[in-house]
file final.cif (mmCIF, C-alpha atoms; chains and numbers go by the auth columns)
data_structure
#
loop_
_atom_site.group_PDB
_atom_site.id
_atom_site.type_symbol
_atom_site.label_atom_id
_atom_site.label_comp_id
_atom_site.label_asym_id
_atom_site.label_seq_id
_atom_site.Cartn_x
_atom_site.Cartn_y
_atom_site.Cartn_z
_atom_site.B_iso_or_equiv
_atom_site.auth_seq_id
_atom_site.auth_asym_id
ATOM 1 C CA MET A 1 62.140 59.380 -72.466 0.00 103 A
ATOM 2 C CA ASP A 2 58.656 59.824 -73.710 0.00 104 A
ATOM 3 C CA PRO A 3 57.454 63.449 -73.280 0.00 105 A
ATOM 4 C CA LEU A 4 53.833 62.292 -72.981 0.00 106 A
ATOM 5 C CA LEU A 5 54.717 59.926 -70.104 0.00 107 A
ATOM 6 C CA LEU A 6 56.677 62.681 -68.390 0.00 108 A
ATOM 7 C CA THR A 7 53.751 65.080 -68.730 0.00 109 A
ATOM 8 C CA LYS A 8 51.391 62.477 -67.204 0.00 110 A
ATOM 9 C CA LYS A 9 53.753 61.869 -64.274 0.00 111 A
ATOM 10 C CA LEU A 10 54.178 65.606 -63.761 0.00 112 A
ATOM 11 C CA LYS A 11 50.389 66.122 -63.727 0.00 113 A
ATOM 12 C CA LYS A 12 50.005 63.232 -61.271 0.00 114 A
ATOM 13 C CA ILE A 13 52.702 64.663 -58.986 0.00 115 A
ATOM 14 C CA LEU A 14 51.115 68.145 -59.171 0.00 116 A
ATOM 15 C CA LYS A 15 47.690 66.700 -58.274 0.00 117 A
ATOM 16 C CA GLU A 16 49.219 64.840 -55.291 0.00 118 A
ATOM 17 C CA ARG A 17 51.048 68.004 -54.211 0.00 119 A
ATOM 18 C CA THR A 18 47.848 70.054 -54.468 0.00 120 A
ATOM 19 C CA LEU A 19 45.912 67.427 -52.511 0.00 121 A
ATOM 20 C CA LEU A 20 48.582 67.282 -49.786 0.00 122 A
ATOM 21 C CA ALA A 21 48.774 71.092 -49.612 0.00 123 A
ATOM 22 C CA THR A 22 44.968 71.280 -49.299 0.00 124 A
ATOM 23 C CA LEU A 23 44.982 68.638 -46.552 0.00 125 A
ATOM 24 C CA LEU A 24 47.750 70.560 -44.760 0.00 126 A
ATOM 25 C CA VAL A 25 45.798 73.834 -44.898 0.00 127 A
ATOM 26 C CA VAL A 26 42.611 72.098 -43.689 0.00 128 A
ATOM 27 C CA SER A 27 44.570 70.448 -40.854 0.00 129 A
ATOM 28 C CA ILE A 28 46.058 73.800 -39.797 0.00 130 A
ATOM 29 C CA LEU A 29 42.619 75.413 -39.825 0.00 131 A
ATOM 30 C CA ILE A 30 41.153 72.602 -37.714 0.00 132 A
ATOM 31 C CA ASN A 31 44.022 72.968 -35.212 0.00 133 A
ATOM 32 C CA LEU A 32 43.412 76.723 -34.995 0.00 134 A
ATOM 33 C CA VAL A 33 39.687 76.237 -34.405 0.00 135 A
ATOM 34 C CA CYS A 34 40.375 73.592 -31.721 0.00 136 A
ATOM 35 C CA SER A 35 42.895 75.895 -30.037 0.00 137 A
ATOM 36 C CA LEU A 36 40.404 78.756 -29.972 0.00 138 A
ATOM 37 C CA ILE A 37 37.720 76.504 -28.512 0.00 139 A
ATOM 38 C CA ILE A 38 40.076 75.243 -25.808 0.00 140 A
ATOM 39 C CA PHE A 39 41.254 78.723 -24.824 0.00 141 A
ATOM 40 C CA ARG A 40 37.757 80.196 -24.729 0.00 142 A
ATOM 41 C CA LYS A 41 36.221 77.293 -22.836 0.00 143 A
ATOM 42 C CA GLN A 42 35.536 77.915 -19.168 0.00 144 A
ATOM 43 C CA GLU A 43 36.698 74.839 -17.383 0.00 145 A
ATOM 44 C CA LYS A 44 34.870 73.388 -14.416 0.00 146 A
ATOM 45 C CA VAL A 45 36.907 71.192 -12.093 0.00 147 A
ATOM 46 C CA ILE A 46 35.123 68.590 -9.960 0.00 148 A
ATOM 47 C CA ILE A 47 37.042 67.791 -6.776 0.00 149 A
ATOM 48 C CA VAL A 48 36.444 64.823 -4.504 0.00 150 A
ATOM 49 C CA PRO A 49 39.195 64.740 -1.874 0.00 151 A
ATOM 50 C CA ALA A 50 39.321 61.946 0.677 0.00 152 A
ATOM 51 C CA THR A 51 38.932 64.209 3.728 0.00 153 A
ATOM 52 C CA ILE A 52 36.004 66.236 2.448 0.00 154 A
ATOM 53 C CA SER A 53 32.520 64.813 2.794 0.00 155 A
ATOM 54 C CA ARG A 54 31.194 65.528 -0.701 0.00 156 A
ATOM 55 C CA GLU A 55 32.182 66.754 -4.091 0.00 157 A
ATOM 56 C CA PHE A 56 32.111 70.376 -5.169 0.00 158 A
ATOM 57 C CA TRP A 57 33.033 72.397 -8.212 0.00 159 A
ATOM 58 C CA ILE A 58 35.055 75.519 -8.917 0.00 160 A
ATOM 59 C CA GLU A 59 35.151 77.567 -12.098 0.00 161 A
ATOM 60 C CA ASN A 60 36.947 80.880 -12.632 0.00 162 A
ATOM 61 C CA ASP A 61 35.442 83.192 -10.018 0.00 163 A
ATOM 62 C CA SER A 62 32.530 81.093 -8.786 0.00 164 A
ATOM 63 C CA SER A 63 32.040 77.825 -6.956 0.00 165 A
ATOM 64 C CA SER A 64 29.425 75.481 -5.637 0.00 166 A
ATOM 65 C CA LYS A 65 27.691 76.009 -2.303 0.00 167 A
ATOM 66 C CA GLU A 66 29.377 72.842 -1.023 0.00 168 A
ATOM 67 C CA TYR A 67 32.865 74.284 -1.619 0.00 169 A
ATOM 68 C CA ILE A 68 32.062 77.426 0.378 0.00 170 A
ATOM 69 C CA GLU A 69 30.527 75.267 3.107 0.00 171 A
ATOM 70 C CA GLU A 70 33.534 72.933 3.351 0.00 172 A
ATOM 71 C CA MET A 71 36.038 75.791 3.345 0.00 173 A
ATOM 72 C CA ALA A 72 34.066 77.776 5.954 0.00 174 A
ATOM 73 C CA VAL A 73 34.037 74.760 8.289 0.00 175 A
ATOM 74 C CA PHE A 74 37.762 74.227 7.648 0.00 176 A
ATOM 75 C CA PHE A 75 38.618 77.861 8.463 0.00 177 A
ATOM 76 C CA VAL A 76 36.359 78.058 11.518 0.00 178 A
ATOM 77 C CA ASN A 77 38.000 74.939 12.910 0.00 179 A
ATOM 78 C CA LEU A 78 41.425 76.472 12.331 0.00 180 A
ATOM 79 C CA LEU A 79 40.350 79.721 13.978 0.00 181 A
ATOM 80 C CA LEU A 80 38.467 78.292 16.966 0.00 182 A
ATOM 81 C CA ASP A 81 39.879 74.835 17.783 0.00 183 A
ATOM 82 C CA CYS A 82 43.108 76.181 19.241 0.00 184 A
ATOM 83 C CA SER A 83 45.784 75.415 21.768 0.00 185 A
ATOM 84 C CA PRO A 84 49.111 77.102 22.500 0.00 186 A
ATOM 85 C CA SER A 85 50.948 74.407 20.549 0.00 187 A
ATOM 86 C CA SER A 86 48.723 74.555 17.457 0.00 188 A
ATOM 87 C CA MET A 87 48.304 78.320 17.052 0.00 189 A
ATOM 88 C CA LYS A 88 51.436 78.981 14.970 0.00 190 A
ATOM 89 C CA TYR A 89 50.664 76.264 12.423 0.00 191 A
ATOM 90 C CA GLN A 90 46.978 77.205 12.203 0.00 192 A
ATOM 91 C CA LYS A 91 47.855 80.891 11.761 0.00 193 A
ATOM 92 C CA GLU A 92 50.177 80.061 8.848 0.00 194 A
ATOM 93 C CA ILE A 93 47.457 78.083 7.062 0.00 195 A
ATOM 94 C CA ILE A 94 44.818 80.764 7.630 0.00 196 A
ATOM 95 C CA LEU A 95 47.100 83.538 6.389 0.00 197 A
ATOM 96 C CA LYS A 96 47.882 81.581 3.198 0.00 198 A
ATOM 97 C CA HIS A 97 44.150 81.765 2.447 0.00 199 A
ATOM 98 C CA THR A 98 43.609 85.402 3.419 0.00 200 A
ATOM 99 C CA ASP A 99 42.863 88.235 1.027 0.00 201 A
ATOM 100 C CA PRO A 100 45.844 90.652 0.922 0.00 202 A
ATOM 101 C CA ARG A 101 43.627 93.539 2.117 0.00 203 A
ATOM 102 C CA LEU A 102 42.887 91.654 5.372 0.00 204 A
ATOM 103 C CA TYR A 103 46.291 90.004 5.776 0.00 205 A
ATOM 104 C CA ASN A 104 48.045 92.509 8.113 0.00 206 A
ATOM 105 C CA LYS A 105 45.022 93.051 10.338 0.00 207 A
ATOM 106 C CA LEU A 106 44.365 89.318 10.704 0.00 208 A
ATOM 107 C CA ASN A 107 48.058 88.530 11.192 0.00 209 A
ATOM 108 C CA ASN A 108 48.288 91.060 14.046 0.00 210 A
ATOM 109 C CA LYS A 109 45.093 89.736 15.667 0.00 211 A
ATOM 110 C CA LEU A 110 46.221 86.096 15.437 0.00 212 A
ATOM 111 C CA THR A 111 49.694 86.949 16.763 0.00 213 A
ATOM 112 C CA LEU A 112 48.162 88.662 19.821 0.00 214 A
ATOM 113 C CA GLU A 113 45.851 85.663 20.349 0.00 215 A
ATOM 114 C CA GLU A 114 48.796 83.284 20.042 0.00 216 A
ATOM 115 C CA GLU A 115 50.675 85.215 22.776 0.00 217 A
ATOM 116 C CA LEU A 116 47.566 85.227 25.003 0.00 218 A
ATOM 117 C CA PHE A 117 47.023 81.482 24.523 0.00 219 A
ATOM 118 C CA ARG A 118 50.648 80.786 25.513 0.00 220 A
ATOM 119 C CA LYS A 119 50.628 83.180 28.469 0.00 221 A
ATOM 120 C CA GLU A 120 47.278 81.994 29.885 0.00 222 A
ATOM 121 C CA ASN A 121 47.567 78.350 28.725 0.00 223 A
ATOM 122 C CA LEU A 122 44.210 78.668 26.932 0.00 224 A
ATOM 123 C CA THR A 123 42.518 76.161 24.674 0.00 225 A
ATOM 124 C CA THR A 124 39.298 76.604 22.752 0.00 226 A
ATOM 125 C CA SER A 125 37.052 74.205 20.916 0.00 227 A
ATOM 126 C CA PHE A 126 34.105 74.912 18.666 0.00 228 A
ATOM 127 C CA ARG A 127 31.231 72.528 18.041 0.00 229 A
ATOM 128 C CA MET A 128 29.203 73.612 15.035 0.00 230 A
ATOM 129 C CA VAL A 129 25.411 73.656 15.435 0.00 231 A
ATOM 130 C CA ASP A 130 24.234 75.486 12.293 0.00 232 A
ATOM 131 C CA LEU A 131 25.687 76.581 8.966 0.00 233 A
ATOM 132 C CA LYS A 132 24.135 78.858 6.363 0.00 234 A
ATOM 133 C CA VAL A 133 25.855 79.557 3.037 0.00 235 A
ATOM 134 C CA ASN A 134 25.148 82.379 0.623 0.00 236 A
ATOM 135 C CA ARG A 135 26.740 81.275 -2.655 0.00 237 A
ATOM 136 C CA THR A 136 26.196 84.535 -4.513 0.00 238 A
ATOM 137 C CA ALA A 137 27.707 86.626 -1.686 0.00 239 A
ATOM 138 C CA LEU A 138 30.480 84.037 -1.152 0.00 240 A
ATOM 139 C CA SER A 139 29.770 83.957 2.577 0.00 241 A
ATOM 140 C CA ALA A 140 28.930 81.521 5.341 0.00 242 A
ATOM 141 C CA THR A 141 27.369 82.060 8.761 0.00 243 A
ATOM 142 C CA ILE A 142 28.312 79.436 11.329 0.00 244 A
ATOM 143 C CA THR A 143 26.734 79.068 14.761 0.00 245 A
ATOM 144 C CA GLY A 144 28.082 76.768 17.427 0.00 246 A
ATOM 145 C CA ILE A 145 29.211 76.267 20.987 0.00 247 A
ATOM 146 C CA LEU A 146 32.615 77.785 21.826 0.00 248 A
ATOM 147 C CA THR A 147 34.241 76.239 24.884 0.00 249 A
ATOM 148 C CA THR A 148 37.212 77.969 26.517 0.00 250 A
ATOM 149 C CA ASN A 149 39.539 76.195 28.942 0.00 251 A
ATOM 150 C CA VAL A 150 42.396 77.457 31.086 0.00 252 A
ATOM 151 C CA SER A 151 44.784 74.544 31.581 0.00 253 A
ATOM 152 C CA ASP A 152 42.280 71.691 31.978 0.00 254 A
ATOM 153 C CA LYS A 153 39.515 73.719 33.615 0.00 255 A
ATOM 154 C CA GLN A 154 36.521 74.882 31.582 0.00 256 A
ATOM 155 C CA VAL A 155 35.954 78.599 32.192 0.00 257 A
ATOM 156 C CA ARG A 156 33.373 79.471 29.528 0.00 258 A
ATOM 157 C CA LYS A 157 30.876 77.768 27.261 0.00 259 A
ATOM 158 C CA GLU A 158 28.762 79.988 25.028 0.00 260 A
ATOM 159 C CA GLU A 159 26.870 80.014 21.767 0.00 261 A
ATOM 160 C CA LYS A 160 28.697 82.086 19.142 0.00 262 A
ATOM 161 C CA THR A 161 27.953 83.004 15.551 0.00 263 A
ATOM 162 C CA PHE A 162 30.632 83.880 13.031 0.00 264 A
ATOM 163 C CA ARG A 163 30.306 85.179 9.488 0.00 265 A
ATOM 164 C CA LEU A 164 33.062 84.479 7.001 0.00 266 A
ATOM 165 C CA CYS A 165 33.090 86.392 3.730 0.00 267 A
ATOM 166 C CA PHE A 166 35.262 85.189 0.889 0.00 268 A
ATOM 167 C CA CYS A 167 36.558 86.401 -2.429 0.00 269 A
ATOM 168 C CA MET A 168 37.444 84.157 -5.345 0.00 270 A
ATOM 169 C CA LYS A 169 40.649 84.643 -7.335 0.00 271 A
ATOM 170 C CA ASN A 170 41.677 82.230 -10.072 0.00 272 A
ATOM 171 C CA GLY A 171 39.586 79.434 -8.611 0.00 273 A
ATOM 172 C CA ARG A 172 40.885 79.911 -5.041 0.00 274 A
ATOM 173 C CA LEU A 173 38.794 81.022 -2.108 0.00 275 A
ATOM 174 C CA PHE A 174 40.350 83.690 0.140 0.00 276 A
ATOM 175 C CA ILE A 175 39.058 84.990 3.469 0.00 277 A
ATOM 176 C CA LYS A 176 37.877 88.574 2.941 0.00 278 A
ATOM 177 C CA SER A 177 36.407 89.185 6.407 0.00 279 A
ATOM 178 C CA ILE A 178 35.562 87.436 9.653 0.00 280 A
ATOM 179 C CA SER A 179 32.939 88.939 11.933 0.00 281 A
ATOM 180 C CA GLU A 180 30.501 88.181 14.730 0.00 282 A
ATOM 181 C CA PRO A 181 27.076 89.390 13.587 0.00 283 A
ATOM 182 C CA LYS A 182 25.026 91.207 16.193 0.00 284 A
ATOM 183 C CA LYS A 183 22.256 89.062 17.653 0.00 285 A
ATOM 184 C CA ALA A 184 18.693 90.217 17.122 0.00 286 A
ATOM 185 C CA GLY A 185 17.583 92.292 20.080 0.00 287 A
ATOM 186 C CA SER A 186 21.152 93.197 21.126 0.00 288 A
#
call {"tool": "encode", "arguments": {"input": "final.cif", "output": "structure tokens"}}
result
Amino acid sequence: MDPLLLTKKLKKILKERTLLATLLVVSILINLVCSLIIFRKQEKVIIVPATISREFWIENDSSSKEYIEEMAVFFVNLLLDCSPSSMKYQKEIILKHTDPRLYNKLNNKLTLEEELFRKENLTTSFRMVDLKVNRTALSATITGILTTNVSDKQVRKEEKTFRLCFCMKNGRLFIKSISEPKKAGS
């Protein structure tokens, strides 16, 4: 074998090895940079479900006004469109979306209401008239007509206003409080 030819081949192999090693290091660095970008990026998810009237967005601990609006209407309907047969199911859904600090209090209140609805054969329905959302406070104020029936007889029809306050945890909205604001002049 020719030592000059071997030296040339060895130099060529070393150059190829150096080139491949450089490409490998560059590739690793690019992967690390991409990984850092992905992990630091705050993702915004756009949701357009079939049963909700418009799209909304959620990101970390904030959301669009539309999301708060849709969820407030959903929860008010669960809380106020009730019958003895639907109360248990509605209570379960509401409690799944309740902040742990409110959970026991709301569970006790809904359990007492469920017993009253069964005992008195009550049904209620709520027809929304107005909705105001405060995105920064994560709250919604809903005004509407609450109709109460005993069996099939209407016993009360009155305008009511409810304020739902929420907290956001990992992109999920939880009920933090439910209240009836005092009317002006009351």
call {"tool": "resolve_selection", "arguments": {"input": "final.cif", "expression": "the PyMOL selection byres ((chain A and resi 236) around 12)", "output": "short mmCIF file (atom, residue, chain, number, x, y, z; two decimals) with C-alpha atoms, in the frame of the given file"}}
result
data_model
loop_
_atom_site.label_atom_id
_atom_site.label_comp_id
_atom_site.auth_asym_id
_atom_site.auth_seq_id
_atom_site.Cartn_x
_atom_site.Cartn_y
_atom_site.Cartn_z
CA SER A 165 32.04 77.82 -6.96
CA SER A 166 29.42 75.48 -5.64
CA LYS A 167 27.69 76.01 -2.30
CA GLU A 168 29.38 72.84 -1.02
CA TYR A 169 32.86 74.28 -1.62
CA ILE A 170 32.06 77.43 0.38
CA GLU A 171 30.53 75.27 3.11
CA ALA A 174 34.07 77.78 5.95
CA LEU A 233 25.69 76.58 8.97
CA LYS A 234 24.14 78.86 6.36
CA VAL A 235 25.86 79.56 3.04
CA ARG A 237 26.74 81.28 -2.66
CA THR A 238 26.20 84.54 -4.51
CA ALA A 239 27.71 86.63 -1.69
CA LEU A 240 30.48 84.04 -1.15
CA SER A 241 29.77 83.96 2.58
CA ALA A 242 28.93 81.52 5.34
CA THR A 243 27.37 82.06 8.76
CA ILE A 244 28.31 79.44 11.33
CA ARG A 265 30.31 85.18 9.49
CA LEU A 266 33.06 84.48 7.00
CA CYS A 267 33.09 86.39 3.73
CA PHE A 268 35.26 85.19 0.89
#
call {"tool": "closest_residue", "arguments": {"input": "final.cif", "among": "A:Ser279, A:Tyr191, A:Ser253, A:Leu125", "to": "Arg220 (chain A)", "atoms": "all atoms listed in the file"}}
result
A:Ser253
call {"tool": "atom_distance", "arguments": {"input": "final.cif", "atom1": "CA of Leu197 (chain A)", "atom2": "CA of Thr213 (chain A)"}}
result
11.2 Å
call {"tool": "axis_aligned_box", "arguments": {"input": "final.cif", "around": "region 178-194 of chain A", "padding_each_side": "6 Å", "output": "JSON"}}
result
{"center_x": 43.9, "center_y": 77.6, "center_z": 15.7, "size_x": 27.1, "size_y": 18.5, "size_z": 25.7}
call {"tool": "resolve_selection", "arguments": {"input": "final.cif", "expression": "the PyMOL selection byres ((chain A and resi 248) around 7)", "output": "short mmCIF file (atom, residue, chain, number, x, y, z; two decimals) with C-alpha atoms, keeping the file's coordinate frame"}}
result
data_model
loop_
_atom_site.label_atom_id
_atom_site.label_comp_id
_atom_site.auth_asym_id
_atom_site.auth_seq_id
_atom_site.Cartn_x
_atom_site.Cartn_y
_atom_site.Cartn_z
CA THR A 226 39.30 76.60 22.75
CA SER A 227 37.05 74.20 20.92
CA PHE A 228 34.10 74.91 18.67
CA ARG A 229 31.23 72.53 18.04
CA GLY A 246 28.08 76.77 17.43
CA ILE A 247 29.21 76.27 20.99
CA THR A 249 34.24 76.24 24.88
CA THR A 250 37.21 77.97 26.52
CA LYS A 259 30.88 77.77 27.26
CA GLU A 260 28.76 79.99 25.03
CA GLU A 261 26.87 80.01 21.77
CA LYS A 262 28.70 82.09 19.14
#
call {"tool": "resolve_selection", "arguments": {"input": "final.cif", "expression": "the PyMOL selection byres ((chain A and resi 204) around 12)", "output": "list in words"}}
result
Ile196, Leu197, Lys198, His199, Thr200, Asp201, Pro202, Arg203, Tyr205, Asn206, Lys207, Leu208, Asn209, Asn210, Lys211, Leu212, Cys267, Phe268, Cys269, Phe276, Ile277, Lys278, Ser279 and Ile280 of chain A
call {"tool": "write_last_selection", "arguments": {"input": "final.cif", "atoms": "C-alpha atoms", "output": "mmCIF file, keeping the file's coordinate frame"}}
result
data_model
loop_
_atom_site.group_PDB
_atom_site.id
_atom_site.type_symbol
_atom_site.label_atom_id
_atom_site.label_comp_id
_atom_site.auth_asym_id
_atom_site.auth_seq_id
_atom_site.Cartn_x
_atom_site.Cartn_y
_atom_site.Cartn_z
ATOM 1 C CA ILE A 196 44.818 80.764 7.630
ATOM 2 C CA LEU A 197 47.100 83.538 6.389
ATOM 3 C CA LYS A 198 47.882 81.581 3.198
ATOM 4 C CA HIS A 199 44.150 81.765 2.447
ATOM 5 C CA THR A 200 43.609 85.402 3.419
ATOM 6 C CA ASP A 201 42.863 88.235 1.027
ATOM 7 C CA PRO A 202 45.844 90.652 0.922
ATOM 8 C CA ARG A 203 43.627 93.539 2.117
ATOM 9 C CA TYR A 205 46.291 90.004 5.776
ATOM 10 C CA ASN A 206 48.045 92.509 8.113
ATOM 11 C CA LYS A 207 45.022 93.051 10.338
ATOM 12 C CA LEU A 208 44.365 89.318 10.704
ATOM 13 C CA ASN A 209 48.058 88.530 11.192
ATOM 14 C CA ASN A 210 48.288 91.060 14.046
ATOM 15 C CA LYS A 211 45.093 89.736 15.667
ATOM 16 C CA LEU A 212 46.221 86.096 15.437
ATOM 17 C CA CYS A 267 33.090 86.392 3.730
ATOM 18 C CA PHE A 268 35.262 85.189 0.889
ATOM 19 C CA CYS A 269 36.558 86.401 -2.429
ATOM 20 C CA PHE A 276 40.350 83.690 0.140
ATOM 21 C CA ILE A 277 39.058 84.990 3.469
ATOM 22 C CA LYS A 278 37.877 88.574 2.941
ATOM 23 C CA SER A 279 36.407 89.185 6.407
ATOM 24 C CA ILE A 280 35.562 87.436 9.653
#
call {"tool": "closest_residue", "arguments": {"input": "final.cif", "among": "A:Asp183, A:Glu172, A:Glu222, A:Glu217", "to": "Phe158 (chain A)", "atoms": "all atoms listed in the file"}}
result
A:Glu172
call {"tool": "closest_residue", "arguments": {"input": "final.cif", "among": "A:Leu126, A:Met270, A:Leu182, A:Leu121", "to": "Met230 (chain A)", "atoms": "all atoms listed in the file"}}
result
A:Leu182
call {"tool": "closest_residue", "arguments": {"input": "final.cif", "among": "A:Asp254, A:Val175, A:Thr245, A:Lys113", "to": "Glu282 (chain A)", "atoms": "all atoms listed in the file"}}
result
A:Thr245
call {"tool": "atom_distance", "arguments": {"input": "final.cif", "atom1": "CA of Ile115 (chain A)", "atom2": "CA of Leu131 (chain A)"}}
result
24.2 Å
call {"tool": "build_atoms", "arguments": {"input": "final.cif", "residues": "region 257-283 of chain A", "atoms": "N, CA and C atoms", "output": "mmCIF file, keeping the file's coordinate frame"}}
result
data_model
loop_
_atom_site.group_PDB
_atom_site.id
_atom_site.type_symbol
_atom_site.label_atom_id
_atom_site.label_comp_id
_atom_site.auth_asym_id
_atom_site.auth_seq_id
_atom_site.Cartn_x
_atom_site.Cartn_y
_atom_site.Cartn_z
ATOM 1 N N VAL A 257 36.312 77.317 31.595
ATOM 2 C CA VAL A 257 35.954 78.599 32.192
ATOM 3 C C VAL A 257 34.773 79.268 31.482
ATOM 4 N N ARG A 258 34.488 78.850 30.253
ATOM 5 C CA ARG A 258 33.373 79.471 29.528
ATOM 6 C C ARG A 258 32.854 78.511 28.465
ATOM 7 N N LYS A 259 31.529 78.536 28.314
ATOM 8 C CA LYS A 259 30.876 77.768 27.261
ATOM 9 C C LYS A 259 29.718 78.623 26.783
ATOM 10 N N GLU A 260 29.794 79.071 25.513
ATOM 11 C CA GLU A 260 28.762 79.988 25.028
ATOM 12 C C GLU A 260 28.481 79.748 23.553
ATOM 13 N N GLU A 261 27.240 80.106 23.173
ATOM 14 C CA GLU A 261 26.870 80.014 21.767
ATOM 15 C C GLU A 261 27.421 81.243 21.050
ATOM 16 N N LYS A 262 28.105 81.000 19.931
ATOM 17 C CA LYS A 262 28.697 82.086 19.142
ATOM 18 C C LYS A 262 28.317 81.900 17.681
ATOM 19 N N THR A 263 28.203 83.021 16.987
ATOM 20 C CA THR A 263 27.953 83.004 15.551
ATOM 21 C C THR A 263 29.048 83.799 14.864
ATOM 22 N N PHE A 264 29.576 83.230 13.796
ATOM 23 C CA PHE A 264 30.632 83.880 13.031
ATOM 24 C C PHE A 264 30.220 83.927 11.567
ATOM 25 N N ARG A 265 30.584 85.028 10.920
ATOM 26 C CA ARG A 265 30.306 85.179 9.488
ATOM 27 C C ARG A 265 31.635 85.317 8.770
ATOM 28 N N LEU A 266 31.864 84.425 7.830
ATOM 29 C CA LEU A 266 33.062 84.479 7.001
ATOM 30 C C LEU A 266 32.661 84.906 5.603
ATOM 31 N N CYS A 267 33.316 85.941 5.102
ATOM 32 C CA CYS A 267 33.090 86.392 3.730
ATOM 33 C C CYS A 267 34.351 86.068 2.937
ATOM 34 N N PHE A 268 34.149 85.612 1.721
ATOM 35 C CA PHE A 268 35.262 85.189 0.889
ATOM 36 C C PHE A 268 35.305 85.986 -0.403
ATOM 37 N N CYS A 269 36.450 85.919 -1.051
ATOM 38 C CA CYS A 269 36.558 86.401 -2.429
ATOM 39 C C CYS A 269 37.236 85.289 -3.216
ATOM 40 N N MET A 270 36.947 85.222 -4.489
ATOM 41 C CA MET A 270 37.444 84.157 -5.345
ATOM 42 C C MET A 270 38.441 84.761 -6.332
ATOM 43 N N LYS A 271 39.626 84.182 -6.385
ATOM 44 C CA LYS A 271 40.649 84.643 -7.335
ATOM 45 C C LYS A 271 41.271 83.424 -7.988
ATOM 46 N N ASN A 272 41.108 83.335 -9.298
ATOM 47 C CA ASN A 272 41.677 82.230 -10.072
ATOM 48 C C ASN A 272 41.306 80.864 -9.499
ATOM 49 N N GLY A 273 40.062 80.720 -9.106
ATOM 50 C CA GLY A 273 39.586 79.434 -8.611
ATOM 51 C C GLY A 273 39.929 79.145 -7.165
ATOM 52 N N ARG A 274 40.548 80.102 -6.458
ATOM 53 C CA ARG A 274 40.885 79.911 -5.041
ATOM 54 C C ARG A 274 40.030 80.815 -4.181
ATOM 55 N N LEU A 275 39.612 80.284 -3.055
ATOM 56 C CA LEU A 275 38.794 81.022 -2.108
ATOM 57 C C LEU A 275 39.705 81.661 -1.059
ATOM 58 N N PHE A 276 39.559 82.961 -0.851
ATOM 59 C CA PHE A 276 40.350 83.690 0.140
ATOM 60 C C PHE A 276 39.411 84.334 1.159
ATOM 61 N N ILE A 277 39.847 84.362 2.418
ATOM 62 C CA ILE A 277 39.058 84.990 3.469
ATOM 63 C C ILE A 277 39.125 86.506 3.265
ATOM 64 N N LYS A 278 37.957 87.126 3.134
ATOM 65 C CA LYS A 278 37.877 88.574 2.941
ATOM 66 C C LYS A 278 37.543 89.278 4.257
ATOM 67 N N SER A 279 36.721 88.622 5.086
ATOM 68 C CA SER A 279 36.407 89.185 6.407
ATOM 69 C C SER A 279 35.876 88.091 7.330
ATOM 70 N N ILE A 280 36.080 88.323 8.614
ATOM 71 C CA ILE A 280 35.562 87.436 9.653
ATOM 72 C C ILE A 280 34.900 88.351 10.680
ATOM 73 N N SER A 281 33.636 88.060 10.992
ATOM 74 C CA SER A 281 32.939 88.939 11.933
ATOM 75 C C SER A 281 31.965 88.126 12.778
ATOM 76 N N GLU A 282 31.560 88.748 13.878
ATOM 77 C CA GLU A 282 30.501 88.181 14.730
ATOM 78 C C GLU A 282 29.281 89.057 14.538
ATOM 79 N N PRO A 283 28.285 88.575 13.794
ATOM 80 C CA PRO A 283 27.076 89.390 13.587
ATOM 81 C C PRO A 283 26.379 89.683 14.912
#
